[in-house]
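Okay, so here's the structure we're looking at.
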Amino acid sequence: MYILGVNTGPHDSSACLLKDGELIVMVEQERLSRRKRAFGEAPRAAVAACLRAADISLGDVAETAVGWDVPLLSEVEGAPFDAARFHEWLLPDGGGERRPPTRFVPHHMAHAASALWTSGFEDAAILVLDGRGECRSTTLARGSAGKIEVIRDWDTSLSLGNFYSIAAQWAGFTMWDAGKLMGLASYGRPDQAVPLIAAEDDYTFPGAPAPRRRPAQHYLQLHDFLYEYFGRNNYPYAQGDRNEPMAHASFAASVQAALEDVLLELARFARRRTGADRLVLAGGVALNCAANGRLARSGIFSDIYVPPVPHDAGVGLGAALLADRELSGRGDGGPAHRMRHAYWGPGITAEDIASALHGAGLATMHLSTEDVIGRTAA
């Protein structure tokens with residue numbers, strides 16, 4: 001049985017294919033379209049590449065699992081959901097063949113599954129931390145071989161991912177440059193106050209206004225609050241210049257320290273509430289390797305696992321794993337194998353390489369291994 005998993009964006013769209021519960025191919029749309037992060041792109045080329053790699057057609061797929069509850073997302077955004085238009089946008093033209101039914105999986109549930117069921121753990125605490133899902137930005141859950149149970153979640157007005165990306169903008173980067181802010185933090189000292197505080201089993205943005213009704217407004221609300229706060233309280237009291245980021249090194253270190261303090265508090269909370277000795281992380285904040293390193297050194301958990309795709313490109317995999325366990329009845333069949341590499345993309349043939357070289361105006365010749373050895377030795 002084949003299950004197709006997809007992330008539909010608005011960024012990092014991707015596709016993967018499971019065969020009888022095992023991942024056989026996975027690729028991000030950006031690799032094929034050559035547009036970084038594939039903003040606004042349907043994963044059509046990625047889906048087509050997965051089908052080619054498995055030598056199957058869309059009609060052979062039992063179900064398409066989407067790593068977002070798109071109807072709910074449309075509802076909270078105040079836009080009507082047009083199912084026919086969505087499916088036409090999502091999948092490549094099947095030449096009139098049957099299109100598989102679609103399953104919409106809540107975003108944080110897909111993130112959780114992508115980490116839990118590639119970890120090899122029989123059970124684990126789960127933390128999902130990102131910019132936003134449909135209505136949530138942080139989720140604590142407990143997972144086992146057959147079940148993910150949500151214990152607590154935090155809405156999008158308390159988004160750690162948005163906090164960090166807005167701080168990156170203040171330091172002169174873009175909202176997609178969180179990794180640069182993390183790197184800059186290592187050059188400074190965490191000696192500035194920032195409005196993110198760890199509380200017992202919780203965290204807050206002290207002084208932030210009450211959240212507005214629509215989750216779509218929470219990012220702009222937090223952005224305005226943080227920019228006003230940073231302008232009053234954080235040296236150098238000015239929005240960053242991309243040509244002079246070092247002026248914001250201590251600001252970056254302070255933002256990073258606050259995030260790490262919150263992550264450690266949430267980890268302690270997760271350990272107490274779940275009783276689990278292992279932790280899996282997913283969501284864009286799980287890309288923060290400095291915070292992950294501090295968490296690993298803390299000893300709160302005996303083992304910590306972050307999948308190779310903790311960001312949104314991985315939610316198609318989580319959605320597919322959830323769909324497969326339900327459709328196949330393998331839900332209690334024990335943990336999945338641990339994912340130990342990230343090399344799941346379609347391969348490149350000698351013909352592909354020759355075509356690319358010819359397109360660049362370069363001559364090519366194909367040599368056997370013996371010929372390569374001989375020419376190299378000569």
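Order determines the names: the first chain of the structure tokens is A, the second B, and so forth; residues in each chain are numbered 1 upward, and ligands are numbered 1 upward as they are shown.
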Compile the contact shell of Ala124 in chain A as a PyMOL selection string: residues with an atom at most 9 Å away, counting only C-alpha atoms, same-chain residues fewer than 6 positions apart removed. chain A and resi 116+141-144+274-280
Range 150-233 of chain A: residues DSSP assigns to strand (DSSP E or B), reported as a PyMOL selection string: chain A and resi 150-155+197-199+202-204
File dump, residues just selected, N, CA and C atoms, as a PDB file, in the first residue's frame:
```pdb
ATOM      1  N   VAL A 150      -2.211  14.606  23.149  1.00  0.00           N
ATOM      2  CA  VAL A 150      -1.864  15.988  23.462  1.00  0.00           C
ATOM      3  C   VAL A 150      -2.176  16.273  24.927  1.00  0.00           C
ATOM      4  N   ILE A 151      -1.200  16.840  25.619  1.00  0.00           N
ATOM      5  CA  ILE A 151      -1.357  17.162  27.033  1.00  0.00           C
ATOM      6  C   ILE A 151      -1.676  18.639  27.231  1.00  0.00           C
ATOM      7  N   ARG A 152      -0.965  19.489  26.469  1.00  0.00           N
ATOM      8  CA  ARG A 152      -1.224  20.932  26.577  1.00  0.00           C
ATOM      9  C   ARG A 152      -0.732  21.598  25.300  1.00  0.00           C
ATOM     10  N   ASP A 153      -1.372  22.700  24.928  1.00  0.00           N
ATOM     11  CA  ASP A 153      -0.852  23.484  23.820  1.00  0.00           C
ATOM     12  C   ASP A 153      -0.989  24.971  24.122  1.00  0.00           C
ATOM     13  N   TRP A 154      -0.253  25.773  23.353  1.00  0.00           N
ATOM     14  CA  TRP A 154      -0.222  27.220  23.498  1.00  0.00           C
ATOM     15  C   TRP A 154      -0.630  27.834  22.165  1.00  0.00           C
ATOM     16  N   ASP A 155      -1.447  28.888  22.195  1.00  0.00           N
ATOM     17  CA  ASP A 155      -1.954  29.434  20.939  1.00  0.00           C
ATOM     18  C   ASP A 155      -0.901  30.292  20.232  1.00  0.00           C
ATOM     19  N   ILE A 197       9.807  35.232  29.188  1.00  0.00           N
ATOM     20  CA  ILE A 197      10.154  34.767  30.528  1.00  0.00           C
ATOM     21  C   ILE A 197       9.633  33.344  30.729  1.00  0.00           C
ATOM     22  N   ALA A 198      10.502  32.457  31.207  1.00  0.00           N
ATOM     23  CA  ALA A 198      10.071  31.117  31.588  1.00  0.00           C
ATOM     24  C   ALA A 198       9.366  31.192  32.943  1.00  0.00           C
ATOM     25  N   ALA A 199       8.204  30.569  33.014  1.00  0.00           N
ATOM     26  CA  ALA A 199       7.466  30.458  34.271  1.00  0.00           C
ATOM     27  C   ALA A 199       7.310  28.979  34.581  1.00  0.00           C
ATOM     28  N   ASP A 202       5.480  26.817  32.099  1.00  0.00           N
ATOM     29  CA  ASP A 202       4.850  27.764  31.183  1.00  0.00           C
ATOM     30  C   ASP A 202       5.886  28.779  30.728  1.00  0.00           C
ATOM     31  N   TYR A 203       5.441  29.763  29.938  1.00  0.00           N
ATOM     32  CA  TYR A 203       6.254  30.912  29.564  1.00  0.00           C
ATOM     33  C   TYR A 203       5.308  32.043  29.184  1.00  0.00           C
ATOM     34  N   THR A 204       5.809  33.267  29.239  1.00  0.00           N
ATOM     35  CA  THR A 204       4.972  34.428  28.937  1.00  0.00           C
ATOM     36  C   THR A 204       5.788  35.467  28.177  1.00  0.00           C
TER      37      THR A 204
END
```
Within 10 Å of Glu77 in chain A using only C-alpha atoms, minus same-chain residues under 2 positions, as a PDB file with N, CA, C and O atoms, in the first residue's frame:
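Result file follows (around_39.pdb):
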```
ATOM      1  N   PRO A  71      -8.936  22.862   5.644  1.00  0.00           N
ATOM      2  CA  PRO A  71     -10.248  23.473   5.887  1.00  0.00           C
ATOM      3  C   PRO A  71     -10.302  24.305   7.171  1.00  0.00           C
ATOM      4  O   PRO A  71     -10.868  25.411   7.184  1.00  0.00           O
ATOM      5  N   LEU A  72      -9.679  23.799   8.260  1.00  0.00           N
ATOM      6  CA  LEU A  72      -9.652  24.566   9.508  1.00  0.00           C
ATOM      7  C   LEU A  72      -8.806  25.820   9.350  1.00  0.00           C
ATOM      8  O   LEU A  72      -9.181  26.899   9.832  1.00  0.00           O
ATOM      9  N   LEU A  73      -7.665  25.698   8.679  1.00  0.00           N
ATOM     10  CA  LEU A  73      -6.816  26.863   8.462  1.00  0.00           C
ATOM     11  C   LEU A  73      -7.566  27.940   7.685  1.00  0.00           C
ATOM     12  O   LEU A  73      -7.484  29.125   8.014  1.00  0.00           O
ATOM     13  N   SER A  74      -8.305  27.530   6.669  1.00  0.00           N
ATOM     14  CA  SER A  74      -9.099  28.497   5.912  1.00  0.00           C
ATOM     15  C   SER A  74     -10.128  29.174   6.796  1.00  0.00           C
ATOM     16  O   SER A  74     -10.364  30.390   6.700  1.00  0.00           O
ATOM     17  N   GLU A  75     -10.731  28.388   7.688  1.00  0.00           N
ATOM     18  CA  GLU A  75     -11.750  28.940   8.582  1.00  0.00           C
ATOM     19  C   GLU A  75     -11.158  29.978   9.525  1.00  0.00           C
ATOM     20  O   GLU A  75     -11.720  31.071   9.693  1.00  0.00           O
ATOM     21  N   ALA A  79     -11.265  32.689   5.297  1.00  0.00           N
ATOM     22  CA  ALA A  79     -11.402  32.500   3.849  1.00  0.00           C
ATOM     23  C   ALA A  79     -12.133  31.187   3.596  1.00  0.00           C
ATOM     24  O   ALA A  79     -11.898  30.190   4.287  1.00  0.00           O
ATOM     25  N   PRO A  80     -13.016  31.146   2.606  1.00  0.00           N
ATOM     26  CA  PRO A  80     -13.728  29.892   2.311  1.00  0.00           C
ATOM     27  C   PRO A  80     -12.775  28.849   1.726  1.00  0.00           C
ATOM     28  O   PRO A  80     -11.807  29.188   1.033  1.00  0.00           O
ATOM     29  N   GLU A 134      -2.425  25.619  12.730  1.00  0.00           N
ATOM     30  CA  GLU A 134      -3.697  26.268  12.425  1.00  0.00           C
ATOM     31  C   GLU A 134      -4.037  27.297  13.506  1.00  0.00           C
ATOM     32  O   GLU A 134      -4.306  28.450  13.215  1.00  0.00           O
ATOM     33  N   CYS A 135      -3.991  26.861  14.762  1.00  0.00           N
ATOM     34  CA  CYS A 135      -4.307  27.748  15.886  1.00  0.00           C
ATOM     35  C   CYS A 135      -3.269  27.670  16.995  1.00  0.00           C
ATOM     36  O   CYS A 135      -3.403  28.354  18.002  1.00  0.00           O
ATOM     37  N   ARG A 214      -8.373  36.772  15.737  1.00  0.00           N
ATOM     38  CA  ARG A 214      -7.931  35.877  14.677  1.00  0.00           C
ATOM     39  C   ARG A 214      -6.454  35.531  14.828  1.00  0.00           C
ATOM     40  O   ARG A 214      -5.609  36.420  14.961  1.00  0.00           O
ATOM     41  N   PRO A 215      -6.097  34.237  14.771  1.00  0.00           N
ATOM     42  CA  PRO A 215      -4.685  33.842  14.842  1.00  0.00           C
ATOM     43  C   PRO A 215      -3.831  34.518  13.781  1.00  0.00           C
ATOM     44  O   PRO A 215      -2.652  34.775  14.009  1.00  0.00           O
ATOM     45  N   ALA A 216      -4.403  34.825  12.616  1.00  0.00           N
ATOM     46  CA  ALA A 216      -3.636  35.463  11.554  1.00  0.00           C
ATOM     47  C   ALA A 216      -3.123  36.835  11.975  1.00  0.00           C
ATOM     48  O   ALA A 216      -2.149  37.341  11.415  1.00  0.00           O
ATOM     49  N   GLN A 217      -3.765  37.458  12.973  1.00  0.00           N
ATOM     50  CA  GLN A 217      -3.354  38.778  13.425  1.00  0.00           C
ATOM     51  C   GLN A 217      -2.282  38.726  14.512  1.00  0.00           C
ATOM     52  O   GLN A 217      -1.670  39.750  14.831  1.00  0.00           O
TER      53      GLN A 217
END
```
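The closest residue to Leu322 in chain A, picked from A:Val47, A:Val6, A:Ala193, A:Ala113 and counting only C-alpha atoms, is A:Ala113.
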Sorted per-residue table, range 236-346 of chain A near range 160-165 of chain A, closest atoms and distance, 10 Å, only C-alpha atoms, as JSON lines:
```
{"residue": "A:Ala252", "atom": "CA", "partner": "A:Tyr164", "partner_atom": "CA", "distance": 9.4}
{"residue": "A:Val255", "atom": "CA", "partner": "A:Tyr164", "partner_atom": "CA", "distance": 7.3}
{"residue": "A:Gln256", "atom": "CA", "partner": "A:Tyr164", "partner_atom": "CA", "distance": 8.2}
{"residue": "A:Ala258", "atom": "CA", "partner": "A:Tyr164", "partner_atom": "CA", "distance": 10.0}
{"residue": "A:Leu259", "atom": "CA", "partner": "A:Leu160", "partner_atom": "CA", "distance": 7.5}
{"residue": "A:Val262", "atom": "CA", "partner": "A:Leu160", "partner_atom": "CA", "distance": 9.1}
{"residue": "A:Leu263", "atom": "CA", "partner": "A:Leu160", "partner_atom": "CA", "distance": 9.6}
{"residue": "A:Gly283", "atom": "CA", "partner": "A:Gly161", "partner_atom": "CA", "distance": 8.7}
{"residue": "A:Gly284", "atom": "CA", "partner": "A:Gly161", "partner_atom": "CA", "distance": 6.8}
{"residue": "A:Val285", "atom": "CA", "partner": "A:Gly161", "partner_atom": "CA", "distance": 5.8}
{"residue": "A:Ala286", "atom": "CA", "partner": "A:Gly161", "partner_atom": "CA", "distance": 9.6}
```
Go ahead and write the selection's residues with all heavy atoms as an mmCIF file, in the first residue's frame.
```
data_model
loop_
_atom_site.group_PDB
_atom_site.id
_atom_site.type_symbol
_atom_site.label_atom_id
_atom_site.label_comp_id
_atom_site.auth_asym_id
_atom_site.auth_seq_id
_atom_site.Cartn_x
_atom_site.Cartn_y
_atom_site.Cartn_z
ATOM 1 N N ALA A 252 21.375 39.365 20.324
ATOM 2 C CA ALA A 252 21.125 38.006 19.850
ATOM 3 C C ALA A 252 21.371 36.989 20.953
ATOM 4 O O ALA A 252 20.603 36.028 21.118
ATOM 5 C CB ALA A 252 22.007 37.709 18.636
ATOM 6 N N VAL A 255 18.410 37.048 23.350
ATOM 7 C CA VAL A 255 17.244 36.367 22.770
ATOM 8 C C VAL A 255 17.441 34.859 22.822
ATOM 9 O O VAL A 255 16.531 34.105 23.194
ATOM 10 C CB VAL A 255 17.030 36.852 21.327
ATOM 11 C CG1 VAL A 255 16.010 35.976 20.606
ATOM 12 C CG2 VAL A 255 16.580 38.314 21.319
ATOM 13 N N GLN A 256 18.636 34.399 22.458
ATOM 14 C CA GLN A 256 18.927 32.967 22.469
ATOM 15 C C GLN A 256 18.830 32.399 23.886
ATOM 16 O O GLN A 256 18.250 31.328 24.092
ATOM 17 C CB GLN A 256 20.322 32.715 21.901
ATOM 18 C CG GLN A 256 20.772 31.258 21.918
ATOM 19 C CD GLN A 256 20.012 30.373 20.948
ATOM 20 O OE1 GLN A 256 19.476 30.855 19.961
ATOM 21 N NE2 GLN A 256 19.968 29.082 21.213
ATOM 22 N N ALA A 258 17.057 33.504 26.403
ATOM 23 C CA ALA A 258 15.658 33.460 26.822
ATOM 24 C C ALA A 258 14.944 32.267 26.213
ATOM 25 O O ALA A 258 14.168 31.573 26.889
ATOM 26 C CB ALA A 258 14.958 34.761 26.428
ATOM 27 N N LEU A 259 15.197 32.015 24.932
ATOM 28 C CA LEU A 259 14.586 30.853 24.277
ATOM 29 C C LEU A 259 15.032 29.563 24.947
ATOM 30 O O LEU A 259 14.216 28.662 25.211
ATOM 31 C CB LEU A 259 14.948 30.833 22.798
ATOM 32 C CG LEU A 259 14.411 29.628 22.023
ATOM 33 C CD1 LEU A 259 12.898 29.731 21.829
ATOM 34 C CD2 LEU A 259 15.110 29.486 20.673
ATOM 35 N N VAL A 262 13.303 28.921 28.269
ATOM 36 C CA VAL A 262 11.930 28.455 28.083
ATOM 37 C C VAL A 262 11.924 26.997 27.646
ATOM 38 O O VAL A 262 11.126 26.186 28.151
ATOM 39 C CB VAL A 262 11.192 29.340 27.065
ATOM 40 C CG1 VAL A 262 9.873 28.697 26.643
ATOM 41 C CG2 VAL A 262 10.942 30.718 27.650
ATOM 42 N N LEU A 263 12.810 26.640 26.733
ATOM 43 C CA LEU A 263 12.863 25.260 26.261
ATOM 44 C C LEU A 263 13.190 24.298 27.398
ATOM 45 O O LEU A 263 12.589 23.218 27.513
ATOM 46 C CB LEU A 263 13.895 25.131 25.140
ATOM 47 C CG LEU A 263 14.012 23.752 24.481
ATOM 48 C CD1 LEU A 263 12.682 23.301 23.905
ATOM 49 C CD2 LEU A 263 15.086 23.765 23.395
ATOM 50 N N GLY A 283 9.128 20.935 14.659
ATOM 51 C CA GLY A 283 8.759 22.327 14.451
ATOM 52 C C GLY A 283 10.002 23.140 14.146
ATOM 53 O O GLY A 283 11.139 22.727 14.423
ATOM 54 N N GLY A 284 9.813 24.311 13.571
ATOM 55 C CA GLY A 284 10.947 25.115 13.149
ATOM 56 C C GLY A 284 11.910 25.470 14.260
ATOM 57 O O GLY A 284 13.124 25.591 14.032
ATOM 58 N N VAL A 285 11.424 25.638 15.497
ATOM 59 C CA VAL A 285 12.302 25.970 16.611
ATOM 60 C C VAL A 285 13.256 24.816 16.908
ATOM 61 O O VAL A 285 14.351 25.023 17.444
ATOM 62 C CB VAL A 285 11.473 26.356 17.854
ATOM 63 C CG1 VAL A 285 12.368 26.637 19.055
ATOM 64 C CG2 VAL A 285 10.611 27.577 17.556
ATOM 65 N N ALA A 286 12.878 23.595 16.545
ATOM 66 C CA ALA A 286 13.755 22.438 16.756
ATOM 67 C C ALA A 286 14.977 22.460 15.845
ATOM 68 O O ALA A 286 15.871 21.625 15.990
ATOM 69 C CB ALA A 286 12.978 21.138 16.549
#
```
Could you make a table, as a tab-separated table, of the residues of range 70-124 of chain A that have an atom within 7 Å of an atom of range 336-353 of chain A, each with its nearest atom pair and distance in Å to one decimal, counting only C-alpha atoms, in chain and number order?
```
residue	atom	partner	partner_atom	distance
A:Trp117	CA	A:Ala336	CA	5.2
A:Thr118	CA	A:Arg338	CA	4.9
A:Ser119	CA	A:Arg338	CA	4.5
A:Gly120	CA	A:Arg338	CA	4.2
```
